[in-house]
>>> print(open('structure_26.cif').read())   # mmCIF, C-alpha atoms
data_query
#
loop_
_atom_site.label_atom_id
_atom_site.label_comp_id
_atom_site.auth_asym_id
_atom_site.auth_seq_id
_atom_site.Cartn_x
_atom_site.Cartn_y
_atom_site.Cartn_z
CA MET M 219 68.58 90.44 55.22
CA ALA M 220 66.38 88.53 52.80
CA GLU M 221 68.74 88.63 49.85
CA ASN M 222 71.83 87.17 51.54
CA HIS M 223 71.90 84.26 49.11
CA GLU M 224 72.74 86.78 46.36
CA LEU M 225 75.84 88.03 48.17
CA PRO M 226 79.24 86.77 46.97
CA GLU M 227 79.87 83.53 48.83
CA ALA M 228 83.10 82.78 50.64
CA THR M 229 85.24 79.64 50.38
CA ILE M 230 87.89 78.05 52.59
CA GLN M 231 90.67 79.45 50.38
CA ASN M 232 91.71 81.77 53.23
CA ILE M 233 92.74 78.72 55.30
CA LEU M 234 94.82 77.29 52.45
CA ASP M 235 96.50 80.67 51.96
CA GLN M 236 97.46 81.03 55.64
CA ASP M 237 100.89 79.40 55.59
CA SER M 238 101.49 79.93 59.32
CA LEU M 239 98.54 77.69 60.37
CA LYS M 240 99.63 74.67 62.40
CA TRP M 241 96.39 73.52 64.06
CA VAL M 242 92.96 73.40 62.35
CA PHE M 243 89.97 72.22 64.40
CA VAL M 244 86.75 71.19 62.65
CA GLY M 245 83.71 70.90 64.91
CA GLY M 246 79.99 71.33 65.37
CA LYS M 247 76.79 69.48 66.26
CA GLY M 248 76.60 65.72 65.73
CA GLY M 249 75.52 64.56 62.26
CA VAL M 250 76.31 67.74 60.29
CA GLY M 251 79.18 66.29 58.25
CA LYS M 252 82.26 67.25 60.29
CA THR M 253 84.26 64.18 59.23
CA THR M 254 83.57 64.76 55.52
CA CYS M 255 84.52 68.44 55.83
CA SER M 256 87.69 67.78 57.86
CA SER M 257 88.74 64.99 55.45
CA ILE M 258 88.32 67.27 52.42
CA LEU M 259 90.07 70.13 54.23
CA SER M 260 93.04 67.84 54.92
CA ILE M 261 93.12 66.75 51.25
CA LEU M 262 93.16 70.39 50.10
CA LEU M 263 95.83 71.31 52.65
CA ALA M 264 97.96 68.38 51.45
CA ARG M 265 98.11 70.10 48.04
CA VAL M 266 99.79 73.20 49.48
CA ARG M 267 101.68 71.78 52.52
CA SER M 268 104.64 69.44 52.82
CA SER M 269 102.90 67.09 55.28
CA VAL M 270 99.42 67.01 56.83
CA LEU M 271 98.03 64.86 59.66
CA ILE M 272 94.30 64.47 60.29
CA ILE M 273 93.36 63.24 63.77
CA SER M 274 89.91 62.01 64.77
CA THR M 275 89.18 62.65 68.46
CA ASP M 276 85.56 61.47 68.18
CA PRO M 277 85.06 58.19 70.11
CA ALA M 278 82.66 57.14 67.29
CA HIS M 279 85.38 57.23 64.64
CA ASN M 280 84.19 57.88 61.08
CA LEU M 281 87.55 58.75 59.51
CA SER M 282 88.13 55.16 58.39
CA ASP M 283 84.67 55.16 56.76
CA ALA M 284 85.27 58.51 55.02
CA PHE M 285 88.55 57.37 53.42
CA GLN M 286 87.48 53.68 53.22
CA GLN M 287 90.74 52.72 54.91
CA ARG M 288 91.48 51.37 58.39
CA PHE M 289 93.20 53.83 60.74
CA THR M 290 94.54 53.32 64.28
CA LYS M 291 96.16 55.45 67.00
CA THR M 292 99.38 55.40 64.93
CA PRO M 293 99.62 57.88 62.02
CA THR M 294 99.00 55.99 58.75
CA LEU M 295 99.63 57.23 55.21
CA VAL M 296 96.32 57.72 53.38
CA ASN M 297 96.07 55.67 50.19
CA GLY M 298 96.76 57.74 47.09
CA PHE M 299 98.85 60.36 48.93
CA ASN M 300 102.50 60.74 49.87
CA ASN M 301 102.09 63.55 52.43
CA LEU M 302 98.66 62.98 54.09
CA TYR M 303 98.47 60.89 57.25
CA ALA M 304 95.50 59.93 59.45
CA MET M 305 95.05 58.57 62.97
CA GLU M 306 92.11 57.87 65.28
CA VAL M 307 92.55 58.47 69.01
CA ASP M 308 90.12 58.28 71.89
CA PRO M 309 90.85 61.16 74.32
CA THR M 310 89.96 59.01 77.31
CA VAL M 311 92.63 57.29 79.34
CA GLU M 312 93.17 53.54 79.12
CA ASN M 313 95.12 51.69 81.79
CA GLU M 314 97.50 50.11 79.34
CA ASP M 315 98.21 53.49 77.74
CA VAL M 316 99.19 55.34 80.88
CA ASN M 317 102.50 53.81 81.88
CA GLY M 318 102.96 56.09 84.87
CA LEU M 319 99.66 55.09 86.47
CA GLU M 320 99.59 51.36 85.71
CA GLY M 321 99.84 49.12 88.74
CA MET M 322 99.48 51.98 91.21
CA ASP M 323 97.79 51.57 94.54
CA SER M 324 94.26 53.02 94.80
CA LEU M 325 95.60 55.79 97.03
CA PHE M 326 97.54 57.35 94.16
CA SER M 327 94.84 56.53 91.61
CA ASP M 328 92.38 58.47 93.74
CA LEU M 329 94.85 61.34 93.99
CA ALA M 330 95.19 61.54 90.22
CA ASN M 331 91.45 61.16 89.60
CA ALA M 332 90.50 63.75 92.23
CA ILE M 333 91.09 66.44 89.61
CA PRO M 334 88.13 66.46 87.17
CA GLY M 335 89.21 65.63 83.64
CA ILE M 336 92.86 64.94 84.56
CA ASP M 337 92.85 61.44 83.03
CA GLU M 338 91.56 62.66 79.66
CA ALA M 339 93.89 65.67 79.82
CA MET M 340 96.92 63.43 80.36
CA SER M 341 95.88 61.18 77.48
CA PHE M 342 95.40 64.23 75.23
CA ALA M 343 98.79 65.59 76.33
CA GLU M 344 100.46 62.30 75.44
CA MET M 345 98.90 62.46 71.99
CA LEU M 346 100.03 66.08 71.50
CA LYS M 347 103.50 65.16 72.72
CA LEU M 348 103.64 62.42 70.10
CA VAL M 349 102.34 64.74 67.35
CA GLN M 350 104.85 67.49 68.28
CA THR M 351 107.78 65.12 67.75
CA MET M 352 106.56 64.17 64.24
CA ASP M 353 106.94 67.67 62.80
CA TYR M 354 103.87 67.81 60.53
CA SER M 355 103.33 71.03 58.62
CA CYS M 356 99.64 71.18 59.58
CA ILE M 357 97.38 69.11 61.86
CA VAL M 358 93.61 68.88 61.30
CA PHE M 359 91.39 67.74 64.17
CA ASP M 360 88.13 65.99 63.29
CA THR M 361 86.51 66.60 66.66
CA ALA M 362 83.63 64.99 68.54
CA PRO M 363 80.26 66.79 68.86
CA THR M 364 80.38 70.24 70.46
CA GLY M 365 80.30 69.30 74.18
CA HIS M 366 83.25 66.89 73.87
CA THR M 367 85.16 69.40 71.74
CA LEU M 368 84.83 72.18 74.31
CA ARG M 369 86.15 69.80 76.97
CA LEU M 370 89.04 68.86 74.69
CA LEU M 371 90.01 72.52 74.34
CA GLN M 372 89.96 72.87 78.14
CA PHE M 373 92.52 70.07 78.58
CA PRO M 374 95.64 72.28 78.53
CA SER M 375 94.31 74.46 81.37
CA THR M 376 92.94 71.36 83.17
CA LEU M 377 96.40 69.79 83.14
CA GLU M 378 98.06 72.98 84.35
CA LYS M 379 95.59 73.16 87.26
CA GLY M 380 96.12 69.45 87.95
CA LEU M 381 99.86 69.90 88.10
CA ALA M 382 99.55 72.83 90.52
CA LYS M 383 97.20 70.80 92.74
CA MET M 384 99.48 67.77 92.76
CA MET M 385 102.51 69.94 93.56
CA SER M 386 100.68 71.53 96.48
CA LEU M 387 99.75 68.05 97.76
CA LYS M 388 103.37 66.99 97.51
CA SER M 389 104.58 70.00 99.48
CA LYS M 390 101.99 69.32 102.22
CA PHE M 391 102.05 65.54 102.41
CA GLY M 392 105.22 64.55 100.53
CA GLY M 393 106.78 62.76 103.49
CA LEU M 394 103.58 60.88 104.32
CA LEU M 395 103.10 59.79 100.70
CA SER M 396 106.68 58.50 100.51
CA GLN M 397 106.20 56.49 103.72
CA MET M 398 102.93 55.01 102.44
CA THR M 399 104.58 54.12 99.14
CA ARG M 400 107.20 52.11 101.02
CA LEU M 401 104.55 50.68 103.36
CA PHE M 402 102.56 49.26 100.44
CA GLY M 403 105.75 47.86 98.93
CA MET M 404 105.66 49.99 95.77
CA ASP M 405 108.85 50.77 93.93
CA ASP M 406 109.82 54.16 92.52
CA GLU M 407 108.11 53.43 89.21
CA PHE M 408 104.68 53.69 90.84
CA GLY M 409 105.42 56.26 93.52
CA GLU M 410 104.05 59.78 93.72
CA ASP M 411 107.32 61.07 92.25
CA ALA M 412 106.55 59.05 89.10
CA ILE M 413 103.15 60.73 88.77
CA LEU M 414 104.53 64.19 89.42
CA GLY M 415 107.48 63.58 87.11
CA ARG M 416 105.06 62.51 84.38
CA LEU M 417 102.95 65.65 84.84
CA GLU M 418 105.99 67.92 84.94
CA GLY M 419 107.31 66.27 81.78
CA MET M 420 104.10 67.26 80.00
CA LYS M 421 104.06 70.79 81.38
CA ASP M 422 106.34 72.31 78.73
CA VAL M 423 104.45 70.63 75.88
CA ILE M 424 101.09 71.74 77.27
CA GLU M 425 102.19 75.33 77.83
CA GLN M 426 103.61 75.51 74.31
CA VAL M 427 100.46 74.01 72.75
CA ASN M 428 98.20 76.21 74.87
CA LYS M 429 100.08 79.27 73.63
CA GLN M 430 99.80 78.07 70.01
CA PHE M 431 96.06 77.35 70.35
CA LYS M 432 95.50 80.99 71.35
CA ASP M 433 97.58 82.35 68.47
CA PRO M 434 95.30 83.18 65.48
CA ASP M 435 98.30 82.87 63.16
CA MET M 436 98.78 79.23 64.20
CA THR M 437 95.30 77.97 65.10
CA THR M 438 91.79 78.32 63.71
CA PHE M 439 88.47 76.57 64.29
CA VAL M 440 86.11 75.76 61.40
CA CYS M 441 82.47 75.47 62.50
CA VAL M 442 80.35 73.01 60.50
CA CYS M 443 76.56 73.23 60.67
CA ILE M 444 73.35 72.64 58.74
CA PRO M 445 70.63 75.26 58.10
CA GLU M 446 68.33 74.26 60.98
CA PHE M 447 67.47 75.86 64.31
CA LEU M 448 69.33 73.46 66.63
CA SER M 449 72.49 73.64 64.53
CA LEU M 450 72.31 77.45 64.44
CA TYR M 451 71.93 77.49 68.24
CA GLU M 452 74.82 75.04 68.73
CA THR M 453 77.07 77.06 66.39
CA GLU M 454 76.34 80.25 68.34
CA ARG M 455 77.20 78.48 71.59
CA LEU M 456 80.40 77.10 70.05
CA VAL M 457 81.53 80.50 68.70
CA GLN M 458 80.93 82.11 72.12
CA GLU M 459 82.88 79.38 73.93
CA LEU M 460 85.76 79.63 71.46
CA ALA M 461 85.90 83.38 72.16
CA LYS M 462 86.22 82.57 75.88
CA PHE M 463 89.11 80.19 75.14
CA GLU M 464 90.66 82.89 72.91
CA ILE M 465 90.65 80.50 69.95
CA ASP M 466 90.30 82.09 66.51
CA THR M 467 87.32 81.18 64.33
CA HIS M 468 86.35 82.95 61.12
CA ASN M 469 85.05 80.13 58.88
CA ILE M 470 81.61 78.55 58.91
CA ILE M 471 80.59 75.71 56.58
CA ILE M 472 76.83 75.31 56.07
CA ASN M 473 76.37 71.75 54.87
CA GLN M 474 73.40 69.87 53.33
CA VAL M 475 71.89 72.92 51.64
CA ILE M 476 69.06 72.18 49.17
CA PHE M 477 69.58 74.47 46.18
CA ASP M 478 66.88 75.50 43.71
CA ASP M 479 68.23 72.92 41.31
CA GLU M 480 67.07 70.78 38.44
CA ASP M 481 64.56 68.51 40.18
CA VAL M 482 63.25 70.60 43.07
CA GLU M 483 59.60 70.27 42.10
CA SER M 484 58.14 68.52 45.17
CA LYS M 485 56.23 70.45 47.83
CA LEU M 486 58.34 68.86 50.57
CA LEU M 487 61.64 69.99 49.05
CA LYS M 488 60.28 73.47 48.38
CA ALA M 489 59.14 73.72 52.02
CA ARG M 490 62.56 72.54 53.23
CA MET M 491 64.28 75.07 50.96
CA LYS M 492 62.15 77.88 52.36
CA MET M 493 62.94 76.79 55.94
CA GLN M 494 66.65 76.46 55.17
CA GLN M 495 66.82 79.90 53.56
CA LYS M 496 65.38 81.44 56.74
CA TYR M 497 68.24 80.01 58.81
CA ILE M 498 70.88 80.74 56.15
CA ASP M 499 69.79 84.40 56.28
CA GLN M 500 70.22 84.31 60.08
CA PHE M 501 73.73 82.86 59.70
CA TYR M 502 74.70 85.72 57.39
CA MET M 503 73.17 88.25 59.77
CA LEU M 504 74.91 86.86 62.88
CA TYR M 505 78.27 86.15 61.23
CA ASP M 506 78.65 88.93 58.66
CA ASP M 507 82.43 89.04 59.24
CA PHE M 508 82.90 85.25 58.79
CA ASN M 509 83.77 83.33 55.66
CA ILE M 510 80.58 81.32 55.08
CA THR M 511 80.73 78.39 52.65
CA LYS M 512 77.54 76.63 51.52
CA LEU M 513 77.69 72.98 50.44
CA PRO M 514 74.91 71.16 48.54
CA LEU M 515 72.94 68.20 49.89
CA LEU M 516 73.82 65.19 47.72
CA PRO M 517 71.66 62.14 46.95
CA GLN M 518 74.55 59.87 48.02
CA GLU M 519 77.21 59.74 50.74
CA VAL M 520 80.66 61.16 50.11
CA THR M 521 83.00 58.26 50.91
CA GLY M 522 86.30 57.21 49.41
CA VAL M 523 89.22 59.35 48.26
CA GLU M 524 87.86 59.97 44.75
CA ALA M 525 84.43 61.08 46.02
CA LEU M 526 86.09 63.37 48.58
CA LYS M 527 88.34 64.90 45.91
CA SER M 528 85.37 65.42 43.59
CA PHE M 529 83.28 67.12 46.30
CA SER M 530 86.24 69.30 47.34
CA ARG M 531 85.61 71.67 44.41
CA HIS M 532 82.65 73.13 46.32
CA PHE M 533 85.08 74.22 49.07
CA LEU M 534 87.02 76.36 46.61
CA SER M 535 84.24 77.80 44.43
CA PRO M 536 80.59 78.40 45.38
CA TYR M 537 78.10 75.77 44.24
CA GLN M 538 76.08 76.91 41.20
CA PRO M 539 72.62 75.43 40.53
CA LEU M 540 72.40 74.01 37.02
CA CYS M 541 70.19 76.85 35.80
CA LYS M 542 68.50 79.88 37.33
CA ARG M 543 64.75 80.28 37.66
CA GLY M 544 62.99 82.42 35.06
CA THR M 545 65.53 81.92 32.26
CA VAL M 546 64.70 80.44 28.83
CA GLU M 547 66.82 77.37 29.70
CA ASP M 548 64.90 76.88 32.95
CA LEU M 549 61.48 77.09 31.26
CA GLU M 550 62.56 74.72 28.48
CA ARG M 551 63.86 72.24 31.07
CA ARG M 552 60.65 72.40 33.10
CA ILE M 553 58.48 71.93 29.97
CA SER M 554 60.62 68.93 29.01
CA MET M 555 60.20 67.42 32.49
CA LEU M 556 56.41 68.01 32.40
CA LYS M 557 56.17 66.29 29.00
CA VAL M 558 57.97 63.24 30.41
CA GLN M 559 55.66 63.20 33.45
CA ILE M 560 52.55 63.50 31.21
CA SER M 561 53.81 60.68 29.00
CA GLU M 562 54.40 58.44 32.05
CA ALA M 563 50.95 59.29 33.48
CA GLU M 564 49.24 58.51 30.15
CA ALA M 565 51.02 55.14 29.96
CA GLU M 566 49.92 54.31 33.53
CA LEU M 567 46.33 55.36 32.75
CA GLU M 568 46.30 53.14 29.66
CA LYS M 569 47.40 50.16 31.78
CA LEU M 570 44.61 50.80 34.29
CA ARG M 571 41.98 50.98 31.52
CA LYS M 572 43.06 47.61 30.18
#
>>> encode(input="structure_26.cif", output="structure tokens")
Amino acid sequence: MAENHELPEATIQNILDQDSLKWVFVGGKGGVGKTTCSSILSILLARVRSSVLIISTDPAHNLSDAFQQRFTKTPTLVNGFNNLYAMEVDPTVENEDVNGLEGMDSLFSDLANAIPGIDEAMSFAEMLKLVQTMDYSCIVFDTAPTGHTLRLLQFPSTLEKGLAKMMSLKSKFGGLLSQMTRLFGMDDEFGEDAILGRLEGMKDVIEQVNKQFKDPDMTTFVCVCIPEFLSLYETERLVQELAKFEIDTHNIIINQVIFDDEDVESKLLKARMKMQQKYIDQFYMLYDDFNITKLPLLPQEVTGVEALKSFSRHFLSPYQPLCKRGTVEDLERRISMLKVQISEAEAELEKLRK
């Protein structure tokens, strides 16, 4: 499939046109530009939706850097918008954030922590519970690198399993736990009923969200990658895992592509272009039924609302190199560049002679 780059390229317009979408996840390998892509996606969605929230679940938050505005775990209106909000949350539990577990005896802490991932799942559930009450039209997740993201998507089932395990413990040892609660002088606020009540309170939210995550009309996952082997491998792993979780994905963004543009004259850039094209061809071959969007590598970072808005045009229409190889315009441009280089070389030679 050597001529894939000549095929009509897709955009993310299909996501903007899908009015029923509630949850949009953006993920991929670390360092491929997920935050930039999710930020631009949220800006574009804000044009067609009544209200949009972008949430960063990456512990190394870059959302504040992308928008050049400080965000916290409370939704904050993005400067320059009246319907786009952003928040940064860490999906790991903090003692002060988990009211039901604070001050508990180690016995009950151990009980809660005996279920792998239950602390993170409860924290994630609290965040979802908060988001559900805010009634945003669409929520974009700027996720952590792939491994963390896959764990995040497992949280609903982790919490359901945790609840079942805790309920079975209560039925077996309920009387003993109550006696030990009184023995250690704990009040009802920190008893096992408080933990179980907290879990049961989340159950409805989690079941509802879990159902929505598996509904392709309500949820989609956008995979971001770069045209290199490790990123191709990671994307394949991510797509397979998403299929296991029954989460829809039909958009891939290939970022940092070097196009045959105005100043690609160096051997290094030409070699990189050749390498990139090999992997781009493989992406098209593996994901022929996906919407694949290619974004150009820029000489500068895309930070700040204006820069994000400017770069967003490449999400809606394929990037076009300034001029195609072999045309009259291309040859004239190259001759002009060579003349400049010859002139500079002659001036340098004259200096050396003196």
>>> closest_residue(input="structure_26.cif", among="M:Thr275, M:Gln430, M:Gln500, M:Asn509", to="Ile230 (chain M)", atoms="all atoms listed in the file")
M:Asn509
>>> atom_distance(input="structure_26.cif", atom1="CA of Gln231 (chain M)", atom2="CA of Ser535 (chain M)")
8.9 Å
>>> closest_residue(input="structure_26.cif", among="M:Pro293, M:Asp466, M:Gln474, M:Gln350", to="Glu519 (chain M)", atoms="all atoms listed in the file")
M:Gln474
>>> residues_around(input="structure_26.cif", residues="Lys512 (chain M)", least_positions_apart="2", cutoff="10 Å", atoms="only C-alpha atoms", output="ChimeraX atom specification")
/M:223,227-229,443-445,470-477,498,510,514-515,532-533,535-537
>>> atom_distance(input="structure_26.cif", atom1="CA of Cys441 (chain M)", atom2="CA of Ala278 (chain M)")
18.9 Å
>>> closest_residue(input="structure_26.cif", among="M:Met493, M:Ser355, M:Asn428, M:Pro363", to="Ser375 (chain M)", atoms="all atoms listed in the file")
M:Asn428
>>> atom_distance(input="structure_26.cif", atom1="CA of Gln287 (chain M)", atom2="CA of Leu513 (chain M)")
24.5 Å
>>> resolve_selection(input="structure_26.cif", expression="the PyMOL selection byres ((chain M and resi 508) around 10)", output="compact mmCIF listing (two decimals) with C-alpha atoms, in the frame of the given file")
# COMPACT_ATOMS: atom_id res chain seq x y z
CA ALA M 228 83.10 82.78 50.64
CA THR M 467 87.32 81.18 64.33
CA HIS M 468 86.35 82.95 61.12
CA ASN M 469 85.05 80.13 58.88
CA ILE M 470 81.61 78.55 58.91
CA PHE M 501 73.73 82.86 59.70
CA TYR M 502 74.70 85.72 57.39
CA LEU M 504 74.91 86.86 62.88
CA TYR M 505 78.27 86.15 61.23
CA ASP M 506 78.65 88.93 58.66
CA ASP M 507 82.43 89.04 59.24
CA ASN M 509 83.77 83.33 55.66
CA ILE M 510 80.58 81.32 55.08
CA THR M 511 80.73 78.39 52.65
>>> residues_around(input="structure_26.cif", residues="Lys432 (chain M)", least_positions_apart="6", cutoff="10 Å", atoms="all atoms listed in the file", output="MDAnalysis selection string")
chainID M and resid 438 460:461 463:466
